[in-house]
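Quick look at run_34.cif (mmCIF, C-alpha atoms):
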```
data_structure
#
loop_
_atom_site.label_atom_id
_atom_site.label_comp_id
_atom_site.auth_asym_id
_atom_site.auth_seq_id
_atom_site.Cartn_x
_atom_site.Cartn_y
_atom_site.Cartn_z
CA MET A 1 -16.38 18.68 8.56
CA SER A 2 -17.84 17.41 11.83
CA PHE A 3 -17.33 14.03 13.42
CA LEU A 4 -20.96 13.08 12.79
CA GLN A 5 -20.62 13.94 9.10
CA PHE A 6 -17.52 11.77 8.89
CA VAL A 7 -19.22 8.79 10.54
CA GLY A 8 -22.38 9.40 8.49
CA TYR A 9 -20.39 9.07 5.29
CA PHE A 10 -19.25 5.58 6.25
CA LEU A 11 -22.78 4.66 7.30
CA GLN A 12 -23.98 5.69 3.85
CA LEU A 13 -21.09 3.91 2.11
CA GLY A 14 -21.74 0.74 4.09
CA THR A 15 -25.41 0.91 3.07
CA VAL A 16 -25.26 1.74 -0.64
CA GLY A 17 -21.64 0.94 -1.56
CA PHE A 18 -21.28 -2.22 -3.66
CA GLY A 19 -18.50 -4.03 -5.48
CA GLY A 20 -16.37 -5.58 -2.78
CA PRO A 21 -13.29 -4.25 -0.96
CA ILE A 22 -11.46 -2.85 -3.99
CA ALA A 23 -14.51 -0.92 -5.17
CA LEU A 24 -15.24 0.42 -1.68
CA ALA A 25 -11.61 1.49 -1.22
CA GLY A 26 -11.88 3.27 -4.56
CA HIS A 27 -15.01 5.10 -3.40
CA MET A 28 -13.18 6.26 -0.25
CA GLN A 29 -10.30 7.57 -2.33
CA GLN A 30 -12.59 9.41 -4.74
CA ASP A 31 -14.91 10.88 -2.10
CA LEU A 32 -12.66 11.56 0.89
CA VAL A 33 -9.38 12.42 -0.85
CA ASP A 34 -10.20 13.79 -4.30
CA GLU A 35 -13.58 15.49 -3.92
CA ARG A 36 -14.06 16.46 -0.25
CA GLY A 37 -10.47 16.67 0.96
CA TRP A 38 -11.33 15.21 4.37
CA ILE A 39 -8.35 12.83 4.29
CA ARG A 40 -4.84 13.60 3.11
CA LYS A 41 -3.56 11.53 0.21
CA GLU A 42 -0.55 10.39 2.27
CA ASP A 43 -2.78 9.14 5.11
CA TYR A 44 -5.02 7.30 2.67
CA LEU A 45 -2.11 5.55 0.93
CA GLU A 46 -0.59 4.60 4.28
CA GLY A 47 -3.90 3.13 5.45
CA LEU A 48 -4.39 1.30 2.16
CA ALA A 49 -0.93 -0.28 2.42
CA LEU A 50 -1.52 -1.40 6.00
CA ALA A 51 -4.97 -2.77 5.15
CA GLN A 52 -3.54 -4.73 2.23
CA LEU A 53 -0.83 -6.30 4.37
CA ALA A 54 -3.10 -7.24 7.26
CA PRO A 55 -5.55 -10.16 7.08
CA SER A 56 -9.34 -9.71 7.13
CA PRO A 57 -11.52 -7.37 4.98
CA LEU A 58 -9.53 -4.64 3.27
CA ALA A 59 -12.29 -2.02 3.03
CA ALA A 60 -13.37 -2.37 6.65
CA GLN A 61 -9.80 -2.10 7.92
CA LEU A 62 -9.15 0.92 5.71
CA ALA A 63 -12.30 2.61 7.02
CA ILE A 64 -11.33 1.89 10.63
CA TYR A 65 -7.84 3.29 10.02
CA LEU A 66 -9.27 6.49 8.53
CA GLY A 67 -11.58 6.77 11.53
CA TYR A 68 -8.57 6.45 13.81
CA ILE A 69 -6.78 9.20 11.86
CA ARG A 70 -9.84 11.42 12.35
CA ALA A 71 -10.64 10.86 16.04
CA GLY A 72 -8.47 8.17 17.59
CA VAL A 73 -9.99 5.04 19.13
CA LEU A 74 -13.46 6.60 19.32
CA GLY A 75 -13.36 7.45 15.63
CA ALA A 76 -12.13 3.98 14.67
CA THR A 77 -14.90 2.32 16.70
CA ALA A 78 -17.69 4.54 15.43
CA VAL A 79 -16.58 4.25 11.80
CA GLY A 80 -16.16 0.49 12.09
CA VAL A 81 -19.67 -0.01 13.45
CA ALA A 82 -21.25 2.42 10.98
CA PHE A 83 -19.50 0.81 8.03
CA VAL A 84 -20.00 -2.86 8.89
CA LEU A 85 -23.48 -2.91 10.47
CA PRO A 86 -25.53 -2.17 7.29
CA SER A 87 -23.69 -4.85 5.34
CA PHE A 88 -24.16 -7.33 8.16
CA LEU A 89 -27.91 -6.74 8.27
CA MET A 90 -28.22 -6.92 4.48
CA VAL A 91 -26.29 -10.19 4.34
CA LEU A 92 -28.66 -11.67 6.92
CA GLY A 93 -31.68 -10.56 4.89
CA LEU A 94 -30.25 -11.77 1.57
CA SER A 95 -29.26 -15.09 3.10
CA ALA A 96 -32.79 -15.65 4.38
CA ALA A 97 -34.25 -14.68 0.99
CA TYR A 98 -31.85 -16.96 -0.89
CA VAL A 99 -32.60 -19.92 1.37
CA ARG A 100 -36.31 -19.40 0.85
CA TYR A 101 -36.43 -18.39 -2.84
CA GLY A 102 -33.07 -19.59 -4.14
CA GLY A 103 -34.62 -22.18 -6.43
CA LEU A 104 -36.63 -19.60 -8.38
CA PRO A 105 -35.20 -18.64 -11.79
CA TRP A 106 -35.77 -14.89 -11.29
CA MET A 107 -33.76 -14.98 -8.04
CA GLN A 108 -30.84 -16.75 -9.73
CA GLY A 109 -30.94 -14.31 -12.66
CA MET A 110 -30.88 -11.33 -10.31
CA PHE A 111 -27.78 -12.62 -8.51
CA TYR A 112 -26.00 -13.29 -11.83
CA GLY A 113 -26.81 -9.75 -12.97
CA ILE A 114 -25.47 -8.27 -9.75
CA GLY A 115 -22.28 -10.29 -10.19
CA ALA A 116 -21.68 -8.89 -13.68
CA ALA A 117 -22.21 -5.31 -12.49
CA VAL A 118 -19.85 -5.85 -9.56
CA ILE A 119 -17.07 -7.04 -11.88
CA GLY A 120 -17.30 -3.76 -13.81
CA ILE A 121 -17.19 -1.72 -10.60
CA ILE A 122 -14.16 -3.66 -9.34
CA ALA A 123 -12.30 -3.19 -12.64
CA ARG A 124 -12.87 0.58 -12.61
CA SER A 125 -11.86 0.93 -8.95
CA ALA A 126 -8.76 -1.24 -9.40
CA PHE A 127 -7.66 0.93 -12.33
CA LYS A 128 -8.05 4.15 -10.32
CA LEU A 129 -6.27 2.71 -7.29
CA THR A 130 -3.41 1.53 -9.48
CA LYS A 131 -2.93 5.01 -10.95
CA LEU A 132 -3.09 6.62 -7.49
CA THR A 133 -0.68 4.18 -5.84
CA LEU A 134 1.90 3.70 -8.58
CA GLY A 135 1.75 7.03 -10.37
CA LYS A 136 4.62 7.32 -12.89
CA ASP A 137 7.18 5.41 -10.83
CA LYS A 138 8.77 2.85 -13.19
CA LEU A 139 10.15 0.78 -10.32
CA LEU A 140 6.71 0.43 -8.73
CA TRP A 141 5.23 -0.51 -12.10
CA GLY A 142 7.91 -3.19 -12.51
CA ILE A 143 7.19 -4.63 -9.06
CA PHE A 144 3.48 -4.49 -9.83
CA ALA A 145 3.93 -6.38 -13.12
CA ALA A 146 6.13 -9.05 -11.53
CA LEU A 147 3.70 -9.69 -8.69
CA ALA A 148 0.73 -9.67 -11.06
CA VAL A 149 2.35 -12.34 -13.23
CA SER A 150 3.28 -14.38 -10.15
CA THR A 151 -0.24 -14.19 -8.73
CA ALA A 152 -1.85 -15.08 -12.08
CA TRP A 153 0.59 -17.95 -12.69
CA THR A 154 0.36 -19.56 -9.23
CA SER A 155 -3.26 -18.57 -8.46
CA ARG A 156 -2.19 -17.47 -5.00
CA GLU A 157 -0.58 -14.51 -3.29
CA ILE A 158 2.95 -15.29 -2.11
CA ILE A 159 3.64 -13.14 0.92
CA TRP A 160 7.43 -13.38 0.59
CA LEU A 161 7.30 -11.84 -2.87
CA PHE A 162 5.25 -8.92 -1.55
CA LEU A 163 7.78 -8.36 1.25
CA LEU A 164 10.63 -8.64 -1.25
CA GLY A 165 8.98 -6.01 -3.45
CA GLY A 166 8.76 -3.65 -0.49
CA ALA A 167 12.39 -4.29 0.44
CA VAL A 168 13.58 -3.65 -3.13
CA ASN A 169 11.71 -0.34 -3.31
CA LEU A 170 13.07 0.66 0.11
CA LEU A 171 16.66 -0.06 -0.89
CA VAL A 172 16.36 1.77 -4.20
CA THR A 173 14.67 4.87 -2.77
CA ALA A 174 16.63 5.05 0.49
CA PHE A 175 20.10 5.12 -1.09
CA PRO A 176 21.22 7.45 -3.90
CA THR A 177 21.91 5.62 -7.13
CA ARG A 178 23.95 8.32 -8.84
CA LEU A 179 26.75 10.39 -7.37
CA PRO A 180 29.27 12.42 -9.36
CA ALA A 181 32.46 10.41 -9.68
CA ARG A 182 34.74 13.32 -8.71
CA SER A 183 32.76 14.13 -5.55
CA THR A 184 32.61 10.44 -4.63
CA VAL A 185 36.37 10.02 -4.91
CA SER A 186 37.08 13.20 -2.98
CA LEU A 187 34.65 12.11 -0.27
CA LEU A 188 36.29 8.72 0.10
CA PHE A 189 39.85 10.02 0.26
CA THR A 190 39.45 13.11 2.41
CA PRO A 191 41.48 12.98 5.62
CA GLY A 192 38.35 13.02 7.76
CA THR A 193 36.85 10.04 5.96
CA LEU A 194 40.12 8.12 6.05
CA ALA A 195 40.49 8.78 9.74
CA THR A 196 36.92 7.65 10.34
CA LEU A 197 37.60 4.38 8.57
CA GLY A 198 40.82 3.86 10.55
CA ILE A 199 43.03 4.51 7.50
CA SER A 200 46.26 6.43 7.92
CA GLY A 201 49.81 6.42 6.53
CA THR A 202 51.02 4.07 9.27
CA TYR A 203 50.52 0.35 8.94
CA SER A 204 48.37 -1.25 11.61
CA PRO A 205 48.06 -5.04 12.08
CA ASP A 206 44.32 -4.65 12.48
CA PHE A 207 43.99 -3.73 8.79
CA PRO A 208 45.70 -5.84 6.12
CA LEU A 209 47.90 -3.99 3.67
CA PRO A 210 45.70 -4.62 0.60
CA LEU A 211 42.83 -2.80 2.34
CA ARG A 212 44.81 0.35 3.13
CA PRO A 213 45.13 2.59 0.01
CA ALA A 214 46.79 5.37 1.99
CA VAL A 215 49.76 3.03 2.60
CA TRP A 216 50.10 2.51 -1.15
CA VAL A 217 50.05 6.25 -1.77
CA SER A 218 52.76 6.83 0.88
CA THR A 219 54.91 4.04 -0.54
CA LEU A 220 54.64 5.23 -4.14
CA SER A 221 55.38 8.83 -3.24
CA ALA A 222 58.45 7.78 -1.25
#
```

Since I need it in another form, could you write the structure as structure tokens?
Amino acid sequence: MSFLQFVGYFLQLGTVGFGGPIALAGHMQQDLVDERGWIRKEDYLEGLALAQLAPSPLAAQLAIYLGYIRAGVLGATAVGVAFVLPSFLMVLGLSAAYVRYGGLPWMQGMFYGIGAAVIGIIARSAFKLTKLTLGKDKLLWGIFAALAVSTAWTSREIIWLFLLGGAVNLLVTAFPTRLPARSTVSLLFTPGTLATLGISGTYSPDFPLPLRPAVWVSTLSA
């Protein structure tokens, strides 16, 4: 896969890709990750997460990130221009046509038909992105459901809830939730661990007596 082929893909996607940011992000996942293998799944998911957190268009930012992964700043610039320029020119042309012919019934019907088709494309792409991002992780599905209900109920995206969801997933995945009880006890009461925590058989004023189990053990054994 050459650099020109990579940039050419985004030029084509920016020209014929429809459906909004979710649909375009779904096309990138299907074409670049699943079918062609030009982008690793991990890089795509990382770029998608960053694009979702940052303001501005999701699809354009995701494309620029993938261009940066491919060829640094040059790749990001070339991909950004190739992806955005066709849409920019088409929006100018459609705007001029709508201003001139917007009052005609056939023009209004065409735009309504495009809107219905776009909704179907977005629904399909959102479903595929959800399966790719969440997989079979029950915790991620729970966070997804909670944020979906919150967004639907308030009609807005609350940034603090999104950050809280990320923090919850980080805490759950970063620390083990299950340790054998016997190994846990032996780990806590080994001499090395006790010495590390400042616990010994001699009372020290820096540590109150109720916090020093080794003192209790020495007292009971005496």

Chain and number of each residue from the PyMOL selection byres ((chain A and resi 144) around 12), as an NGL selection string:
:A and (130-131 or 133-135 or 137-143 or 145-151 or 161-162 or 164-166 or 169)

To verify the selection step, state as a PyMOL selection string which residues the PyMOL selection byres ((chain A and resi 38-44) around 12) yields on this input.
chain A and resi 1-3+5-7+9+25-37+45-51+59+61-70+129+132-133

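Closest to Leu53 of chain A among A:Ile159, A:Ala116, A:Ala123, A:Val168 is A:Ile159, based on all atoms listed in the file.
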
Determine the residue membership of the PyMOL selection byres ((chain A and resi 84-88) around 8) for the file above and supply it as number ranges by chain.
A: 11, 14-15, 60, 80-83, 89-92

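Atom CA of Pro55 of chain A sits 14.9 Å away from atom CA of Trp160 of chain A.
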
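Reported to one decimal place, the separation of atom CA of Ile158 of chain A from atom CA of Val172 of chain A is 21.8 Å.
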
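Take atom CA of Tyr98 of chain A and atom CA of Ser56 of chain A: the distance between them is 25.0 Å.
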